[in-house]
Amino acid sequence: MILRNETKPTKSVIHHSLPMCVALIIALISLWYLSNDSAENRINFDELALGTETSIYLNRENVTQILCHDLTDAYKCIGGYNLKPRNIEEDLVLWLGNSQLHSINQMKPADETATVLLQKSINALGKNVLTFSQPNANLQEHYVLLNYLIGKLPISTLVLPVVFDDMRETGIRHNIVDAFEEEDVSRRLEKTEIGKELLLTYKREDMHGNEMAASGKTSQDSIESFLNSGLESLWPAWGERAALRASFLYGFLYKTRNWLFNINPSSIRKMIPGRYAQNFKALSGILATAEELDMKVLLYIAPIRNDVQIPYDAVEYDIFKNKVNLISNEYDNVFYKNLEGIVPAKFWGTKPSTASGIAEEIDFMHFQAGGHEILSNAILLHLRSIWNED
Amino acid sequence: MIFNSLTYFLLLFLVVVLYWFFSYRLRLLLIFIASLIFYGFWRVEFIPVMLFSVVVDYFIAIKLSNSSSLVKKRLLITSVLVNLGLLFYFKYLIFFSESAVGIINLLGMNADPFVLKIILPLGISFYTFQTLSYTVDVYRNTIKPEKDFILYACYVTFFPQLVAGPVLRAAEVIHQFSNRIVFSWLHIVIGLRRITYGLFLKVVLADNIGTLVDTGFSMPVDAMSALDVWTLAFLFGFQIYFDFCAYSHIALGSARLMGIKFPENFNFPYLANSPRDFWRRWHISLSSWIRDYLYLPLIGKKVQDRSVGGLSDALTRRRNSVALFTTWGLMGLWHGANWTFVLWGLYHAVIIYMYRLLSPLTSSFSRRFKLLGGVLITLPIMMLSWIPFRAETLDIALRMWLKVLNPFLYSSLGMRENSYLAAVIILIGIFITYWIKHHFIPNINQDSYGLFLGRVLSFTIMFSLIIIFFRPINQFIYFQF
């Protein structure tokens with residue numbers, strides 16, 4: 001069929017369209033090339049702080065999983081625990097934390113994380129441990145996750161590391177946000193000021209006057225999913241866009257920023273007042289919840305590499321540790337321990353640089369298997385003393 | 001249906017292809033049906049609400065053309081009551097009932113809050129304004145009533161502008177629908193280029209800045225420093241600008257693919273050198289609508305009937321403070337049923353009032369100084385206005401503003417360093433973009449290889465980033481108005 005009134009391309013049309021056509025071809029070829037890049041070079045955006053020298057430990061203790069991340073895999077840990085034969089009902093230790101708990105620097109085939117080692121040790125005591133850890137997890141996320149898990153698991157003891165670096169983080173990641181959908185989680189969170197704030201921020205669809213609540217559940221959702229999967233099958237690069245986004249944000253923007261401003265792991269990370277305050281409110285919320293449920297809490301300052309100058313302001317870090325200690329003293333069920341120096345220098349490692357043009361950097365957060373063993377032993381020691389007090 | 005989705009582009013592709021093959025009559029039917037499909041993807045049950053407004057004004061406008069002046073007035077009042085009644089019920093009933101309960105409780109009497117569950121139909125603020133202005137224009141004899149219902153319905157419901165504008169005048173669009181537009185590749189190329197700009201602004205810039213803004217505004221106000229408030233004001237200012245400007249680009253581009261031309265809605269607003277200049281550059285179609293259908297009638301001036309010039313032309317002519325504050329209060333309420341939006345409107349009224357008082361004092365300054373100084377003063381003042389626009393409550397907005405006035409709160413930073421960095425880079429980027437567009441490109445050889453390569457490079461970056469960031473994760477901010 002011939003278009004009626006069709007005109008021939010003019011010089012103006014070519015002038016306007018040629019750069020766009022050439023650019024589109026270059027963009028498509030570039031994306032096709034980048035999406036075919038080797039899997040090792042891919043960046044998991046959530047875990048970008050780990051680098052290639054630190055591996056995420058994918059645990060299995062026999063057939064049940066005891067190390068999970070968030071709501072997306074929580075069912076594996078919860079289901080696995082519920083299948084276990086147990087002598088007593090309230091035997092469960094819940095260990096919340098950040099990537100330190102699920103990653104091993106310079107990992108070798110037989111290496112295991114502190115969680116797995118602890119499970120092996122306390123199994124003889126008729127107890128079990130489940131760990132939920134997320135990269136750069138903040139205490140607000142721990143607070144929400146704890147409230148989600150207490151309705152599903154008979155937690156008797158909580159092990160909670162506090163990391164100064166993670167006090168700079170805020171917000172609830174989308175893999176945890178779904179917890180707000182559960183009525184009993186909302187009800188429990190409403191008991192505290194920080195819980196109310198989190199509900200207000202992350203449960204917006206329940207607020208009146210927000211028309212987005214309606215448009216979020218339109219028929220477009222299913223058609224959009226159908227078109228996306230169709231496009232993915234036709235053009236695989238479409239399905240790789242999350243990795244490409246991570247490459248752009250981390251491989252380009254993040255590294256360029258670090259290079260430009262000479263930012264490295266040793267750069268001093270100042271406390272961020274708002275986030276700091278929010279996370280301490282969340283810590284109080286966690287401890288109050290634990291007290292209400294008669295749960296023992298082992299609250300500890302997480303190990304950090306200390307053979308070099310730490311990347312914190314020394315005064316701020318001391319104030320932080322004192323504050324954690326002071327808060328723990330407000331509760332009879334909370335036992336505070338400072339484990340910042342327990343992992344010796346030989347068990348720490350390096351990681352690829354997060355700035356362009358530099359080879360390697362010190363890793364302050366993730367230690368080798370030897371460090372996990374030390375941490376596990378320390379936790380076991382303190383748990384024993386807590387349990388013996390009973 | 002949202003623009004930043006595959007569904008929209010599939011619909012647009014099908015409509016554009018069929019449009020150019022169809023006869024005149026079929027084209028109108030195609031646009032009307034496509035517009036209903038577009039709207040129905042959100043909620044089918046609200047299509048009758050929209051069509052009710054369309055049908056009422058269609059018949060009222062026809063009746064207006066051959067009625068006596070008394071009947072004309074009554075018909076006009078009917079149209080105003082119907083359209084504003086719809087707007088009031090769907091958009092403001094909850095707000096006013098809650099405010100009334102609040103006032104009663106403040107007076108010491110006990111009143112239980114009403115429980116009203118009313119969903120705001122998407123785009124109601126836009127299409128009621130268009131139908132209303134159509135009837136007003138017929139009443140004023142500016143235009144003749146359109147007898148062809150489908151053609152008239154296309155003007156109101158045309159999907160590229162249906163849910164977030166630009167607010168179009170009948171005189172600007174109906175004549176374009178009433179002719180069979182001749183196909184030209186230039187329409188396609190220009191349309192695609194505008195859509196590319198729009199998608200880049202939305203999915204790459206606005207959505208990513210939105211993450212920083214959301215995180216910043218979720219912080220307790222007590223923990224914010226004055227610099228944090230400034231940074232959040234600037235970041236939200238950039239987000240809403242990119243977001244809404246993106247919508248306008250995609251709307252203009254989508255319409256242009258069918259040969260329909262819309263008036264421009266933005267023109268580098270943050271480079272305005274006065275509040276008056278700002279409203280000539282920001283959401284131009286709305287500000288000129290408000291000028292012609294609200295402000296000028298309030299002060300008894302003749303209307304201008306065009307979507308250009310913004311509020312500014314009118315505001316300088318009469319010093320009618322009551323009209324100024326009424327107009328801006330209503331402009332705020334139009335944006336949202338919340339006192340924060342009223343505060344936003346009144347803030348602009350105060351700024352314009354102050355500008356009127358002070359601008360004669362600057363008459364002796366050099367033009368260059370006025371331009372540069374104007375930009376440097378106007379930019380932060382306009383950015384601060386976004387605080388109540390984004391804040392959840394009036395209390396939060398006022399507390400954030402108070403922080404800015406406290407000189408002791410300028411010594412600390414309360415957010416991640418990336419937020420400050422992003423604000424500075426984007427601000428510089430806007431100035432550079434303006435300079436390239438208005439000063440660099442017009443002054444170089446348009447056929448040079450350098451310009452060609454520059455265009456290829458910029459489009460390559462835009463296409464690549466659009467493809468990897470293209471996700472319908474966020475609505476356009478103006479969808480909620």
# chains A, B, ... in the order shown; residues from 1 in each chain; ligands from 1
>>> residues_around(residues="region 169-176 of chain B", least_positions_apart="6", cutoff="12 Å", atoms="only C-alpha atoms", output="number ranges by chain")
B: 24, 28, 61, 126-127, 129-138, 141-158, 161, 182, 255-256, 258-264, 285-286, 288-289, 292-293, 304-308
>>> residues_around(residues="Gln220 (chain A)", least_positions_apart="6", cutoff="9 Å", atoms="only C-alpha atoms", output="list of chain:residue names")
B:Met1, B:Ile2, B:Ser5, B:Thr7, B:Phe41, B:Trp42
>>> closest_atom_pairs(of="chain B", to="chain A", cutoff="8 Å", atoms="only C-alpha atoms", output="tab-separated table")
residue	atom	partner	partner_atom	distance
B:Met1	CA	A:Gln220	CA	6.8
B:Ser5	CA	A:Glu224	CA	7.1
B:Leu6	CA	A:Glu224	CA	6.3
B:Thr7	CA	A:Glu224	CA	5.8
B:Trp20	CA	A:Leu3	CA	7.1
B:Phe21	CA	A:Leu3	CA	6.2
B:Phe41	CA	A:Ser219	CA	5.9
B:Trp42	CA	A:Thr218	CA	5.5
B:Arg43	CA	A:Thr218	CA	6.9
B:Lys117	CA	A:His208	CA	7.6
B:Ile118	CA	A:Gly209	CA	7.8
B:Ile119	CA	A:Glu211	CA	6.2
B:Leu120	CA	A:Glu211	CA	5.8
B:Pro121	CA	A:Glu211	CA	7.7
B:Leu122	CA	A:Glu211	CA	7.7
B:Val182	CA	A:Asn5	CA	5.7
B:Phe183	CA	A:Glu6	CA	5.4
B:Ser184	CA	A:Thr7	CA	5.8
B:Trp185	CA	A:Pro9	CA	6.3
B:Leu186	CA	A:Val13	CA	5.4
B:Val189	CA	A:Ser17	CA	5.9
B:Ile190	CA	A:His16	CA	7.7
B:Arg193	CA	A:Met20	CA	8.0
B:Thr215	CA	A:Gly171	CA	7.0
B:Ser218	CA	A:Thr201	CA	6.8
B:Met219	CA	A:Gly274	CA	5.9
B:Pro220	CA	A:Gly274	CA	6.4
B:Asp222	CA	A:Gly274	CA	7.8
B:Ala223	CA	A:Gly274	CA	4.4
B:Met224	CA	A:Gly274	CA	6.5
B:Leu413	CA	A:Ile272	CA	7.1
B:Gly414	CA	A:Ile272	CA	5.0
B:Met415	CA	A:Ile272	CA	5.9
B:Arg416	CA	A:Ile272	CA	7.1
B:Phe452	CA	A:Pro19	CA	6.4
B:Leu453	CA	A:Pro19	CA	7.6
B:Arg455	CA	A:Pro19	CA	5.8
B:Val456	CA	A:Pro19	CA	4.7
B:Leu457	CA	A:Ala23	CA	6.8
B:Phe459	CA	A:Ala23	CA	5.5
B:Thr460	CA	A:Ala23	CA	4.3
B:Ile461	CA	A:Ala27	CA	7.4
B:Phe463	CA	A:Ala27	CA	6.2
B:Ser464	CA	A:Ala27	CA	5.1
B:Ile467	CA	A:Arg241	CA	7.8
B:Ile468	CA	A:Arg241	CA	5.0
B:Phe469	CA	A:Arg245	CA	6.8
B:Gln475	CA	A:Met212	CA	7.7
B:Gln480	CA	A:Glu211	CA	6.5
>>> select_by_dssp(residues="region 142-372 of chain A", states="strand (DSSP E or B)", output="JSON, numbers by chain")
{"A": [155, 156, 157, 158, 159, 160, 161, 162, 269, 296, 297, 298, 299, 300, 301, 312, 334, 335, 336, 337, 338, 348, 349, 350, 351, 352, 360, 361, 362, 363, 364, 365, 366, 367]}
>>> write_last_selection(atoms="C-alpha atoms", output="compact mmCIF listing (two decimals), in the first residue's frame")
# COMPACT_ATOMS: atom_id res chain seq x y z
CA ILE A 155 12.84 -16.94 68.28
CA SER A 156 14.33 -17.20 71.74
CA THR A 157 17.63 -15.38 71.18
CA LEU A 158 18.58 -12.55 68.88
CA VAL A 159 22.15 -11.88 67.80
CA LEU A 160 22.50 -8.37 66.45
CA PRO A 161 25.68 -6.74 65.16
CA VAL A 162 25.79 -2.96 64.93
CA ARG A 269 32.94 8.32 56.44
CA LYS A 296 17.57 -12.60 74.91
CA VAL A 297 19.67 -10.26 72.81
CA LEU A 298 23.39 -10.42 72.13
CA LEU A 299 24.20 -6.95 70.83
CA TYR A 300 27.71 -6.57 69.51
CA ILE A 301 29.94 -4.09 67.73
CA TYR A 312 35.62 6.50 60.67
CA VAL A 334 20.30 -7.27 76.32
CA PHE A 335 23.97 -8.24 76.55
CA TYR A 336 26.44 -5.88 74.92
CA LYS A 337 29.83 -6.99 73.61
CA ASN A 338 32.43 -5.11 71.66
CA TRP A 348 41.41 -9.69 56.44
CA GLY A 349 41.86 -9.15 52.73
CA THR A 350 41.71 -6.75 49.87
CA LYS A 351 39.25 -6.14 47.08
CA PRO A 352 39.40 -4.61 43.62
CA GLU A 360 43.31 -2.94 44.89
CA GLU A 361 41.91 -1.57 48.10
CA ILE A 362 41.66 -2.68 51.69
CA ASP A 363 38.45 -4.46 52.63
CA PHE A 364 37.37 -3.31 56.07
CA MET A 365 34.24 -5.39 56.38
CA HIS A 366 34.72 -8.89 54.92
CA PHE A 367 37.19 -11.35 56.39
>>> atom_distance(atom1="CA of Leu76 (chain B)", atom2="CA of Leu64 (chain B)")
8.0 Å
>>> residues_around(residues="Cys77 (chain A)", least_positions_apart="5", cutoff="7 Å", atoms="only C-alpha atoms", output="number ranges by chain")
A: 65-68, 130
>>> closest_residue(among="A:Ser233, A:Asn98, A:Gln309, A:Asn377", to="Pro135 (chain A)", atoms="only C-alpha atoms")
A:Asn98
>>> select_by_dssp(residues="region 51-211 of chain A", states="helix (DSSP H, G or I)", output="PyMOL selection string")
chain A and resi 74-83+99-101+114-123+139-149+165-168+174-181+183-189+193-202+204-206
>>> atom_distance(atom1="CA of Gln106 (chain A)", atom2="CA of Arg173 (chain A)")
27.9 Å
>>> residues_around(residues="Asn265 (chain B)", least_positions_apart="4", cutoff="12 Å", atoms="only C-alpha atoms", output="tab-separated table (two decimals) with all heavy atoms, in the first residue's frame")
chain	number	residue	atom	x	y	z
B	161	GLN	N	-2.31	14.15	25.44
B	161	GLN	CA	-2.41	15.22	26.43
B	161	GLN	C	-3.51	14.98	27.45
B	161	GLN	O	-3.77	15.85	28.28
B	161	GLN	CB	-2.64	16.56	25.73
B	161	GLN	CG	-3.80	16.60	24.73
B	161	GLN	CD	-5.15	16.85	25.38
B	161	GLN	OE1	-5.31	17.80	26.13
B	161	GLN	NE2	-6.11	15.97	25.08
B	164	ALA	N	-2.22	14.68	31.60
B	164	ALA	CA	-1.35	15.67	32.27
B	164	ALA	C	-0.99	16.83	31.34
B	164	ALA	O	0.06	17.44	31.49
B	164	ALA	CB	-0.09	14.99	32.79
B	165	GLY	N	-1.87	17.14	30.43
B	165	GLY	CA	-1.68	18.33	29.61
B	165	GLY	C	-0.68	18.14	28.48
B	165	GLY	O	-0.29	17.01	28.19
B	166	PRO	N	-0.26	19.22	27.82
B	166	PRO	CA	-0.57	20.61	28.08
B	166	PRO	C	-2.08	20.87	28.02
B	166	PRO	O	-2.81	20.16	27.33
B	166	PRO	CB	0.12	21.35	26.94
B	166	PRO	CG	1.06	20.39	26.32
B	166	PRO	CD	0.56	19.04	26.62
B	167	VAL	N	-2.52	21.90	28.78
B	167	VAL	CA	-3.93	22.28	28.77
B	167	VAL	C	-4.16	23.03	27.47
B	167	VAL	O	-3.67	24.14	27.29
B	167	VAL	CB	-4.27	23.18	29.98
B	167	VAL	CG1	-5.77	23.44	30.03
B	167	VAL	CG2	-3.80	22.57	31.27
B	168	LEU	N	-4.87	22.39	26.54
B	168	LEU	CA	-4.98	22.97	25.19
B	168	LEU	C	-6.25	23.80	25.03
B	168	LEU	O	-7.28	23.49	25.62
B	168	LEU	CB	-4.99	21.85	24.15
B	168	LEU	CG	-3.76	20.95	24.11
B	168	LEU	CD1	-4.00	19.79	23.18
B	168	LEU	CD2	-2.54	21.74	23.68
B	241	TYR	N	10.73	19.13	37.42
B	241	TYR	CA	10.94	19.77	36.12
B	241	TYR	C	11.19	18.72	35.03
B	241	TYR	O	10.52	18.69	33.99
B	241	TYR	CB	12.09	20.76	36.21
B	241	TYR	CG	12.60	21.27	34.87
B	241	TYR	CD1	11.71	21.74	33.91
B	241	TYR	CD2	13.95	21.30	34.59
B	241	TYR	CE1	12.16	22.21	32.69
B	241	TYR	CE2	14.42	21.77	33.37
B	241	TYR	CZ	13.52	22.22	32.42
B	241	TYR	OH	13.96	22.68	31.21
B	244	PHE	N	7.92	16.51	34.50
B	244	PHE	CA	6.81	17.14	33.80
B	244	PHE	C	7.22	17.59	32.41
B	244	PHE	O	6.45	17.50	31.44
B	244	PHE	CB	6.30	18.32	34.63
B	244	PHE	CG	4.96	18.82	34.18
B	244	PHE	CD1	4.08	18.02	33.47
B	244	PHE	CD2	4.55	20.10	34.49
B	244	PHE	CE1	2.85	18.48	33.05
B	244	PHE	CE2	3.32	20.58	34.08
B	244	PHE	CZ	2.47	19.77	33.35
B	245	CYS	N	8.45	18.07	32.30
B	245	CYS	CA	8.96	18.46	30.98
B	245	CYS	C	9.02	17.22	30.08
B	245	CYS	O	8.71	17.28	28.88
B	245	CYS	CB	10.33	19.09	31.15
B	245	CYS	SG	10.95	19.83	29.66
B	246	ALA	N	9.39	16.08	30.69
B	246	ALA	CA	9.43	14.82	29.94
B	246	ALA	C	8.05	14.46	29.43
B	246	ALA	O	7.89	14.10	28.26
B	246	ALA	CB	9.95	13.70	30.85
B	247	TYR	N	7.06	14.59	30.31
B	247	TYR	CA	5.70	14.29	29.89
B	247	TYR	C	5.31	15.18	28.71
B	247	TYR	O	4.73	14.71	27.72
B	247	TYR	CB	4.72	14.49	31.06
B	247	TYR	CG	3.32	14.09	30.68
B	247	TYR	CD1	2.88	12.79	30.89
B	247	TYR	CD2	2.47	14.97	30.03
B	247	TYR	CE1	1.62	12.40	30.49
B	247	TYR	CE2	1.21	14.59	29.63
B	247	TYR	CZ	0.79	13.30	29.86
B	247	TYR	OH	-0.45	12.91	29.44
B	248	SER	N	5.63	16.47	28.84
B	248	SER	CA	5.26	17.40	27.77
B	248	SER	C	5.97	17.05	26.47
B	248	SER	O	5.36	17.10	25.40
B	248	SER	CB	5.61	18.83	28.19
B	248	SER	OG	4.87	19.18	29.32
B	249	HIS	N	7.24	16.69	26.55
B	249	HIS	CA	8.00	16.29	25.35
B	249	HIS	C	7.33	15.07	24.70
B	249	HIS	O	7.16	15.05	23.47
B	249	HIS	CB	9.43	15.91	25.72
B	249	HIS	CG	10.39	17.06	25.69
B	249	HIS	ND1	10.63	17.81	24.57
B	249	HIS	CD2	11.19	17.57	26.65
B	249	HIS	CE1	11.53	18.74	24.83
B	249	HIS	NE2	11.88	18.62	26.09
B	250	ILE	N	6.99	14.08	25.52
B	250	ILE	CA	6.40	12.85	24.95
B	250	ILE	C	5.01	13.16	24.36
B	250	ILE	O	4.64	12.65	23.30
B	250	ILE	CB	6.34	11.72	25.99
B	250	ILE	CG1	7.75	11.37	26.46
B	250	ILE	CG2	5.69	10.47	25.41
B	250	ILE	CD1	7.82	10.41	27.64
B	251	ALA	N	4.27	14.03	25.07
B	251	ALA	CA	2.95	14.42	24.56
B	251	ALA	C	3.09	15.15	23.23
B	251	ALA	O	2.40	14.83	22.25
B	251	ALA	CB	2.24	15.31	25.58
B	252	LEU	N	4.00	16.11	23.19
B	252	LEU	CA	4.21	16.87	21.95
B	252	LEU	C	4.70	15.96	20.83
B	252	LEU	O	4.27	16.07	19.68
B	252	LEU	CB	5.22	17.99	22.19
B	252	LEU	CG	4.65	19.38	22.50
B	252	LEU	CD1	4.08	19.45	23.91
B	252	LEU	CD2	5.71	20.45	22.32
B	269	PRO	N	12.85	26.91	32.62
B	269	PRO	CA	12.30	27.77	33.67
B	269	PRO	C	13.31	28.19	34.73
B	269	PRO	O	13.17	29.26	35.31
B	269	PRO	CB	11.19	26.91	34.29
B	269	PRO	CG	11.51	25.52	33.88
B	269	PRO	CD	12.20	25.60	32.57
B	279	TRP	N	7.12	32.17	35.25
B	279	TRP	CA	5.80	31.68	34.85
B	279	TRP	C	5.53	31.83	33.36
B	279	TRP	O	4.50	31.42	32.86
B	279	TRP	CB	4.70	32.32	35.70
B	279	TRP	CG	4.73	31.68	37.05
B	279	TRP	CD1	5.25	32.20	38.19
B	279	TRP	CD2	4.33	30.35	37.37
B	279	TRP	NE1	5.18	31.29	39.21
B	279	TRP	CE2	4.62	30.14	38.74
B	279	TRP	CE3	3.75	29.30	36.65
B	279	TRP	CZ2	4.34	28.94	39.39
B	279	TRP	CZ3	3.48	28.11	37.31
B	279	TRP	CH2	3.76	27.93	38.66
B	280	ARG	N	6.48	32.47	32.68
B	280	ARG	CA	6.42	32.44	31.21
B	280	ARG	C	7.09	31.18	30.67
B	280	ARG	O	7.00	30.87	29.49
B	280	ARG	CB	7.19	33.62	30.64
B	280	ARG	CG	6.41	34.87	30.53
B	280	ARG	CD	7.30	35.88	29.87
B	280	ARG	NE	6.66	37.15	29.74
B	280	ARG	CZ	7.31	38.28	29.64
B	280	ARG	NH1	8.63	38.30	29.66
B	280	ARG	NH2	6.67	39.40	29.50
B	281	ARG	N	7.83	30.50	31.55
B	281	ARG	CA	8.64	29.37	31.11
B	281	ARG	C	8.18	28.04	31.71
B	281	ARG	O	8.64	27.00	31.28
B	281	ARG	CB	10.11	29.60	31.52
B	281	ARG	CG	10.78	30.77	30.86
B	281	ARG	CD	12.02	31.16	31.65
B	281	ARG	NE	12.81	32.19	31.01
B	281	ARG	CZ	13.85	31.96	30.23
B	281	ARG	NH1	14.23	30.72	29.99
B	281	ARG	NH2	14.53	32.94	29.70
B	282	TRP	N	7.39	28.08	32.77
B	282	TRP	CA	7.00	26.86	33.48
B	282	TRP	C	5.52	26.57	33.24
B	282	TRP	O	4.68	27.42	33.49
B	282	TRP	CB	7.26	27.02	34.99
B	282	TRP	CG	6.84	25.81	35.77
B	282	TRP	CD1	5.58	25.51	36.20
B	282	TRP	CD2	7.67	24.72	36.19
B	282	TRP	NE1	5.55	24.30	36.85
B	282	TRP	CE2	6.84	23.80	36.86
B	282	TRP	CE3	9.02	24.43	36.05
B	282	TRP	CZ2	7.32	22.62	37.40
B	282	TRP	CZ3	9.50	23.24	36.60
B	282	TRP	CH2	8.66	22.35	37.25
B	283	HIS	N	5.20	25.36	32.84
B	283	HIS	CA	3.82	24.91	32.62
B	283	HIS	C	3.02	26.05	31.97
B	283	HIS	O	1.99	26.49	32.49
B	283	HIS	CB	3.18	24.50	33.95
B	283	HIS	CG	2.02	23.57	33.75
B	283	HIS	ND1	1.36	22.96	34.77
B	283	HIS	CD2	1.41	23.15	32.62
B	283	HIS	CE1	0.39	22.20	34.30
B	283	HIS	NE2	0.40	22.31	33.00
B	284	ILE	N	3.53	26.48	30.84
B	284	ILE	CA	3.03	27.69	30.19
B	284	ILE	C	1.53	27.57	29.88
B	284	ILE	O	0.77	28.53	30.03
B	284	ILE	CB	3.83	27.95	28.90
B	284	ILE	CG1	5.32	28.09	29.25
B	284	ILE	CG2	3.34	29.21	28.20
B	284	ILE	CD1	6.26	27.98	28.05
B	285	SER	N	1.11	26.38	29.46
B	285	SER	CA	-0.30	26.24	29.08
B	285	SER	C	-1.23	26.43	30.27
B	285	SER	O	-2.31	27.01	30.14
B	285	SER	CB	-0.55	24.88	28.41
B	285	SER	OG	-0.31	23.84	29.32
B	286	LEU	N	-0.83	25.98	31.46
B	286	LEU	CA	-1.69	26.15	32.63
B	286	LEU	C	-1.67	27.60	33.10
B	286	LEU	O	-2.73	28.18	33.39
B	286	LEU	CB	-1.24	25.24	33.78
B	286	LEU	CG	-2.04	25.44	35.07
B	286	LEU	CD1	-3.48	24.95	34.93
B	286	LEU	CD2	-1.40	24.77	36.26
B	287	SER	N	-0.47	28.20	33.16
B	287	SER	CA	-0.41	29.56	33.69
B	287	SER	C	-1.16	30.53	32.77
B	287	SER	O	-1.82	31.46	33.24
B	287	SER	CB	1.03	30.00	33.92
B	287	SER	OG	1.81	29.73	32.80
B	288	SER	N	-1.11	30.28	31.46
B	288	SER	CA	-1.87	31.18	30.58
B	288	SER	C	-3.37	30.87	30.64
B	288	SER	O	-4.20	31.77	30.49
B	288	SER	CB	-1.35	31.08	29.14
B	288	SER	OG	-1.21	29.75	28.77
B	289	TRP	N	-3.71	29.61	30.93
B	289	TRP	CA	-5.14	29.26	31.13
B	289	TRP	C	-5.67	30.01	32.35
B	289	TRP	O	-6.73	30.63	32.32
B	289	TRP	CB	-5.26	27.75	31.33
B	289	TRP	CG	-6.67	27.22	31.20
B	289	TRP	CD1	-7.21	26.60	30.12
B	289	TRP	CD2	-7.72	27.26	32.20
B	289	TRP	NE1	-8.52	26.25	30.37
B	289	TRP	CE2	-8.86	26.65	31.63
B	289	TRP	CE3	-7.80	27.76	33.49
B	289	TRP	CZ2	-10.06	26.52	32.33
B	289	TRP	CZ3	-9.01	27.64	34.18
B	289	TRP	CH2	-10.12	27.02	33.60
B	307	SER	N	-2.15	30.15	24.44
B	307	SER	CA	-1.40	29.41	25.45
B	307	SER	C	0.05	29.86	25.51
B	307	SER	O	0.96	29.05	25.58
B	307	SER	CB	-1.44	27.91	25.14
B	307	SER	OG	-2.71	27.42	25.35
B	308	VAL	N	0.29	31.10	25.45
B	308	VAL	CA	1.66	31.62	25.60
B	308	VAL	C	1.63	32.81	26.53
B	308	VAL	O	0.60	33.39	26.79
B	308	VAL	CB	2.27	32.05	24.24
B	308	VAL	CG1	2.58	30.85	23.38
B	308	VAL	CG2	1.36	33.01	23.52
B	309	GLY	N	2.79	33.14	27.03
B	309	GLY	CA	2.91	34.35	27.84
B	309	GLY	C	2.77	34.12	29.32
B	309	GLY	O	3.24	34.90	30.12
B	310	GLY	N	2.14	33.01	29.72
B	310	GLY	CA	2.00	32.70	31.13
B	310	GLY	C	1.18	33.75	31.85
B	310	GLY	O	0.45	34.52	31.24
>>> residues_around(residues="Asp332 (chain A)", least_positions_apart="3", cutoff="12 Å", atoms="only C-alpha atoms", output="CSV table (one decimal) with C-alpha atoms, in the first residue's frame")
chain,number,residue,atom,x,y,z
A,287,LEU,CA,15.4,-4.1,71.8
A,288,ALA,CA,11.9,-3.1,73.1
A,290,ALA,CA,12.7,-8.4,72.2
A,291,GLU,CA,12.0,-7.4,75.8
A,292,GLU,CA,8.3,-7.6,75.2
A,294,ASP,CA,11.1,-12.2,76.5
A,295,MET,CA,13.9,-12.7,73.9
A,296,LYS,CA,17.6,-12.6,74.9
A,297,VAL,CA,19.7,-10.3,72.8
A,298,LEU,CA,23.4,-10.4,72.1
A,327,ILE,CA,21.0,1.7,75.1
A,328,SER,CA,21.8,-1.9,75.9
A,329,ASN,CA,22.0,-1.0,79.6
A,335,PHE,CA,24.0,-8.2,76.6
A,336,TYR,CA,26.4,-5.9,74.9
A,386,ILE,CA,23.7,-15.7,78.3
A,389,GLU,CA,22.5,-17.1,83.3
>>> closest_residue(among="A:Gln368, A:Thr192, A:Asn105, A:Asn175", to="Tyr143 (chain A)", atoms="only C-alpha atoms")
A:Thr192
>>> residues_around(residues="region 350-355 of chain B", least_positions_apart="4", cutoff="12 Å", atoms="only C-alpha atoms", output="NGL selection string")
:B and (273-279 or 311-312 or 314-316 or 318-329 or 343-346 or 359-362 or 374 or 377-378 or 380-382 or 384-385)
>>> residues_around(residues="region 205-209 of chain B", least_positions_apart="4", cutoff="7 Å", atoms="only C-alpha atoms", output="ChimeraX atom specification")
/B:200-201,213,235,239,242-243,474
>>> closest_residue(among="A:Glu193, A:Glu141, A:Asp166, A:Glu181", to="His69 (chain A)", atoms="only C-alpha atoms")
A:Glu141
>>> atom_distance(atom1="CA of Asp184 (chain A)", atom2="CA of Gly151 (chain A)")
7.7 Å
>>> closest_residue(among="A:Met167, A:Ala179, A:Ala345, A:Ala137", to="Ala74 (chain A)", atoms="only C-alpha atoms")
A:Ala179
